[in-house]
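Have a look at the structure below before the remarks.
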Amino acid sequence: MRFDVVTLFPEIFAPFLTAGVTRRAFESKLVDVRLWNLRDFAQGNYRRVDDRPFGGGPGMVMMVEPLVQVLKTIKAERCDLAPVVLFSPIGQALNHAGVERWSGSEGAVLICGRYEGLDQRFIDTFVDLQISLGDFVLSGGEVAAMALLDAVARLQPGVLNDAGSHQLDSFNPALDGLLDCPHYTRPESWEGVAVPTVLLSGHHQQIERWRRERRLEITAMHRPDLIAQARSAGQLSAQDELTLSALQARS
């Protein structure tokens, strides 16, 4: 798959694409990332890409023409119907299901906005989808683009050391969309706090039951909406419901 990233700061992506386990996806081109500096498509000596907003107000607005020119160049090179994605507060919230869809796609053109945003005429004419990371505002779309690329890259075959590692991630359907359980490693006791005995027992069935109970407990405490979703989808067993009832009785 290929992601073309339109940005005013391509240098931000350099360390991200060459560090950590996800670099395997980028270096092998499992996830091919092409960076496009918007200023290369601006006119004049100053390569201007923004101007004052009509109607007044603070900040600057990214101009239509440079965006159109870079998009034309990308589409001519790609020769496909890759969607144009803008990271925006009004967009659909990115979640695990969305990341899984992107991980099996042909990619997209990612527009990283800056300043007060893009001229609405570009959005109305060319943008196919808007994505949000949450109810907060970033200085630009670069961090959001990296979040999407990282999430997609780690789902590619051979990227993680353990091929099944991402199956145990929070929100994964393999865990019925629940949050993950706590994890422990050496030493067995740290400043008087011991690792739960069951994890040292070697009894795999009991360990899995303990982990399931902790997932239910953590999810019920922090994201009860995910419990409701799992219940409506028929993903909770009778034993799960007993565990949740016991947790509620203790609270």
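We name chains A, B, ... following the order of the structure tokens; residues begin at 1 in each chain, and ligands are numbered from 1 as shown.
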
| So which residues touch stretch 99-109 of chain A within 7 Å, counting only C-alpha atoms, skipping near sequence neighbours fewer than 2 positions away, as a list in words? |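 After dropping sequence-adjacent residues, the list is Met1, Arg2, Phe3, Asp4, Val5, Ala82, Pro83, Val84, Val85, Asn95, His96, Ala97, Ile111, Ala151, Val152 and Leu155 of chain A.
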
| request: Using DSSP on the backbone, list every residue of stretch 46-200 of chain A that comes out as strand (DSSP E or B), and give them as a list in words. | output: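 Of stretch 46-200 of chain A, the ones in strand (DSSP E or B) are Asp50, Asp51, Val61, Met62, Val84, Val85, Leu86, Phe87, Ser88, Pro89, Ile90, Gly91, Gln92, Ala93, Gly107, Ala108, Val109, Leu110, Ile111, Leu118, Leu129, Gln130, Ile131, Ser132, Ser189, Trp190, Val193 and Ala194 of chain A.
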
| request: Tell me, as a VMD selection string, which residues lie within 10 Å of A:Asp240, counting only C-alpha atoms; anything in the same chain fewer than 3 positions away does not count. | output: chain A and resid 209 212 to 213 216 231 235 to 237 243 to 246

Could those residues be written to a file, using N, CA and C atoms, as a tab-separated table (two decimals), in the first residue's frame?
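Saved as selection-v9.tsv:
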chain	number	residue	atom	x	y	z
A	209	ARG	N	-8.01	-17.24	32.30
A	209	ARG	CA	-9.21	-16.78	33.00
A	209	ARG	C	-8.93	-15.50	33.78
A	212	ARG	N	-8.72	-12.63	31.35
A	212	ARG	CA	-10.06	-12.24	30.89
A	212	ARG	C	-10.78	-11.43	31.97
A	213	GLU	N	-10.68	-11.85	33.20
A	213	GLU	CA	-11.34	-11.12	34.29
A	213	GLU	C	-10.77	-9.72	34.44
A	216	LEU	N	-12.07	-7.52	31.63
A	216	LEU	CA	-13.44	-7.11	31.92
A	216	LEU	C	-13.46	-6.02	32.99
A	231	ARG	N	-21.53	-6.71	24.78
A	231	ARG	CA	-22.75	-7.40	25.22
A	231	ARG	C	-23.78	-7.42	24.08
A	235	GLN	N	-20.85	-11.08	22.59
A	235	GLN	CA	-19.47	-11.53	22.78
A	235	GLN	C	-19.13	-11.86	24.22
A	236	LEU	N	-20.05	-11.61	25.15
A	236	LEU	CA	-19.79	-11.91	26.56
A	236	LEU	C	-20.44	-13.23	26.93
A	237	SER	N	-19.66	-14.10	27.56
A	237	SER	CA	-20.16	-15.40	27.98
A	237	SER	C	-20.91	-15.28	29.31
A	243	THR	N	-18.69	-12.50	36.25
A	243	THR	CA	-17.53	-11.69	36.67
A	243	THR	C	-17.93	-10.22	36.79
A	244	LEU	N	-18.66	-9.71	35.81
A	244	LEU	CA	-19.09	-8.31	35.83
A	244	LEU	C	-20.05	-8.06	36.99
A	245	SER	N	-20.95	-9.00	37.26
A	245	SER	CA	-21.88	-8.85	38.39
A	245	SER	C	-21.13	-8.79	39.71
A	246	ALA	N	-20.09	-9.64	39.84
A	246	ALA	CA	-19.30	-9.66	41.07
A	246	ALA	C	-18.53	-8.35	41.22

| said: Could you go through stretch 8-190 of chain A and tell me which residues DSSP, when run on the backbone, assigns to helix (DSSP H, G or I), listing them as a VMD selection string? | reply: chain A and resid 10 to 17 23 to 27 38 to 41 64 to 78 96 to 103 120 to 126 142 to 153 165 to 168 173 to 175

Give me, as a Markdown table, each residue of stretch 132-216 of chain A that comes within 10 Å of stretch 18-31 of chain A, together with its shortest interatomic pair and the distance in Å at one decimal, counting only C-alpha atoms, with rows ordered by chain and rising residue number.
| residue | atom | partner | partner_atom | distance |
| --- | --- | --- | --- | --- |
| A:Leu149 | CA | A:Val31 | CA | 8.1 |
| A:Asp150 | CA | A:Thr22 | CA | 6.6 |
| A:Ala151 | CA | A:Thr22 | CA | 8.9 |
| A:Val152 | CA | A:Val31 | CA | 8.1 |
| A:Ala153 | CA | A:Ala25 | CA | 5.7 |
| A:Arg154 | CA | A:Thr22 | CA | 5.8 |
| A:Leu155 | CA | A:Thr22 | CA | 9.3 |
| A:Gln156 | CA | A:Ala25 | CA | 7.0 |
| A:Pro157 | CA | A:Leu30 | CA | 8.6 |
| A:Gly158 | CA | A:Arg24 | CA | 8.1 |
| A:Val159 | CA | A:Arg24 | CA | 5.8 |
| A:Leu160 | CA | A:Val21 | CA | 6.4 |
| A:Asn161 | CA | A:Val21 | CA | 8.1 |

Give me the residues within 12 Å of stretch 176-187 of chain A as a PDB file with C-alpha atoms, in the first residue's frame, counting only C-alpha atoms and dropping any in the same chain fewer than 3 places off.
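For reference, part14.pdb as written:
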ATOM      1  CA  ASN A  95     -10.547   3.552  15.891  1.00  0.00           C
ATOM      2  CA  HIS A  96      -9.196   0.018  15.640  1.00  0.00           C
ATOM      3  CA  ALA A  97     -11.779  -1.069  13.082  1.00  0.00           C
ATOM      4  CA  SER A 165       1.205  -9.738  19.196  1.00  0.00           C
ATOM      5  CA  HIS A 166      -1.325  -7.268  17.842  1.00  0.00           C
ATOM      6  CA  GLN A 167      -4.109  -9.814  18.396  1.00  0.00           C
ATOM      7  CA  LEU A 168      -3.815  -9.029  22.105  1.00  0.00           C
ATOM      8  CA  ASP A 169      -4.028  -5.266  21.684  1.00  0.00           C
ATOM      9  CA  SER A 170      -6.778  -3.258  23.301  1.00  0.00           C
ATOM     10  CA  PHE A 171      -9.849  -2.904  21.057  1.00  0.00           C
ATOM     11  CA  ASN A 172      -8.897  -5.942  18.962  1.00  0.00           C
ATOM     12  CA  PRO A 173     -11.815  -8.179  17.931  1.00  0.00           C
ATOM     13  CA  TRP A 190       9.528  -5.134  43.427  1.00  0.00           C
ATOM     14  CA  GLU A 191       9.627  -3.036  46.597  1.00  0.00           C
ATOM     15  CA  GLY A 192       7.337  -5.497  48.301  1.00  0.00           C
ATOM     16  CA  VAL A 193       4.822  -5.682  45.468  1.00  0.00           C
ATOM     17  CA  ALA A 194       4.599  -9.205  44.048  1.00  0.00           C
ATOM     18  CA  VAL A 195       3.478 -10.400  40.673  1.00  0.00           C
ATOM     19  CA  PRO A 196       0.031 -12.033  40.879  1.00  0.00           C
ATOM     20  CA  THR A 197       0.567 -15.654  41.905  1.00  0.00           C
ATOM     21  CA  VAL A 198      -1.543 -17.086  39.104  1.00  0.00           C
ATOM     22  CA  LEU A 199       0.892 -15.744  36.502  1.00  0.00           C
ATOM     23  CA  LEU A 200       3.675 -17.816  38.062  1.00  0.00           C
ATOM     24  CA  ILE A 207      -3.888 -17.605  33.583  1.00  0.00           C
ATOM     25  CA  GLU A 208      -6.209 -16.984  30.654  1.00  0.00           C
ATOM     26  CA  ARG A 209      -9.210 -16.785  33.000  1.00  0.00           C
ATOM     27  CA  TRP A 210      -7.365 -14.260  35.189  1.00  0.00           C
ATOM     28  CA  ARG A 211      -6.472 -12.165  32.140  1.00  0.00           C
ATOM     29  CA  ARG A 212     -10.060 -12.244  30.891  1.00  0.00           C
ATOM     30  CA  GLU A 213     -11.338 -11.118  34.287  1.00  0.00           C
ATOM     31  CA  ARG A 214      -8.841  -8.265  34.437  1.00  0.00           C
ATOM     32  CA  ARG A 215      -9.803  -7.174  30.902  1.00  0.00           C
ATOM     33  CA  LEU A 216     -13.441  -7.106  31.922  1.00  0.00           C
ATOM     34  CA  GLU A 217     -12.604  -5.245  35.134  1.00  0.00           C
ATOM     35  CA  ILE A 218     -10.451  -2.593  33.456  1.00  0.00           C
ATOM     36  CA  THR A 219     -12.897  -2.103  30.598  1.00  0.00           C
ATOM     37  CA  ALA A 220     -15.894  -1.822  32.928  1.00  0.00           C
ATOM     38  CA  MET A 221     -14.014   0.747  35.015  1.00  0.00           C
ATOM     39  CA  HIS A 222     -12.605   2.910  32.233  1.00  0.00           C
ATOM     40  CA  ARG A 223     -14.711   2.225  29.106  1.00  0.00           C
ATOM     41  CA  PRO A 224     -18.126   0.852  30.060  1.00  0.00           C
ATOM     42  CA  ASP A 225     -19.293   1.692  26.543  1.00  0.00           C
ATOM     43  CA  LEU A 226     -17.077  -1.102  25.237  1.00  0.00           C
ATOM     44  CA  ILE A 227     -18.739  -3.547  27.632  1.00  0.00           C
ATOM     45  CA  ALA A 228     -22.123  -2.492  26.268  1.00  0.00           C
ATOM     46  CA  GLN A 229     -20.903  -2.984  22.703  1.00  0.00           C
ATOM     47  CA  ALA A 230     -19.524  -6.447  23.467  1.00  0.00           C
ATOM     48  CA  ARG A 231     -22.751  -7.405  25.218  1.00  0.00           C
ATOM     49  CA  SER A 232     -24.962  -6.233  22.338  1.00  0.00           C
ATOM     50  CA  ALA A 233     -22.756  -8.180  19.906  1.00  0.00           C
ATOM     51  CA  GLY A 234     -23.182 -11.354  21.952  1.00  0.00           C
ATOM     52  CA  GLN A 235     -19.470 -11.529  22.775  1.00  0.00           C
ATOM     53  CA  LEU A 236     -19.791 -11.908  26.555  1.00  0.00           C
ATOM     54  CA  SER A 237     -20.162 -15.404  27.985  1.00  0.00           C
ATOM     55  CA  ASP A 240     -18.115 -12.996  31.823  1.00  0.00           C
TER      56      ASP A 240
END
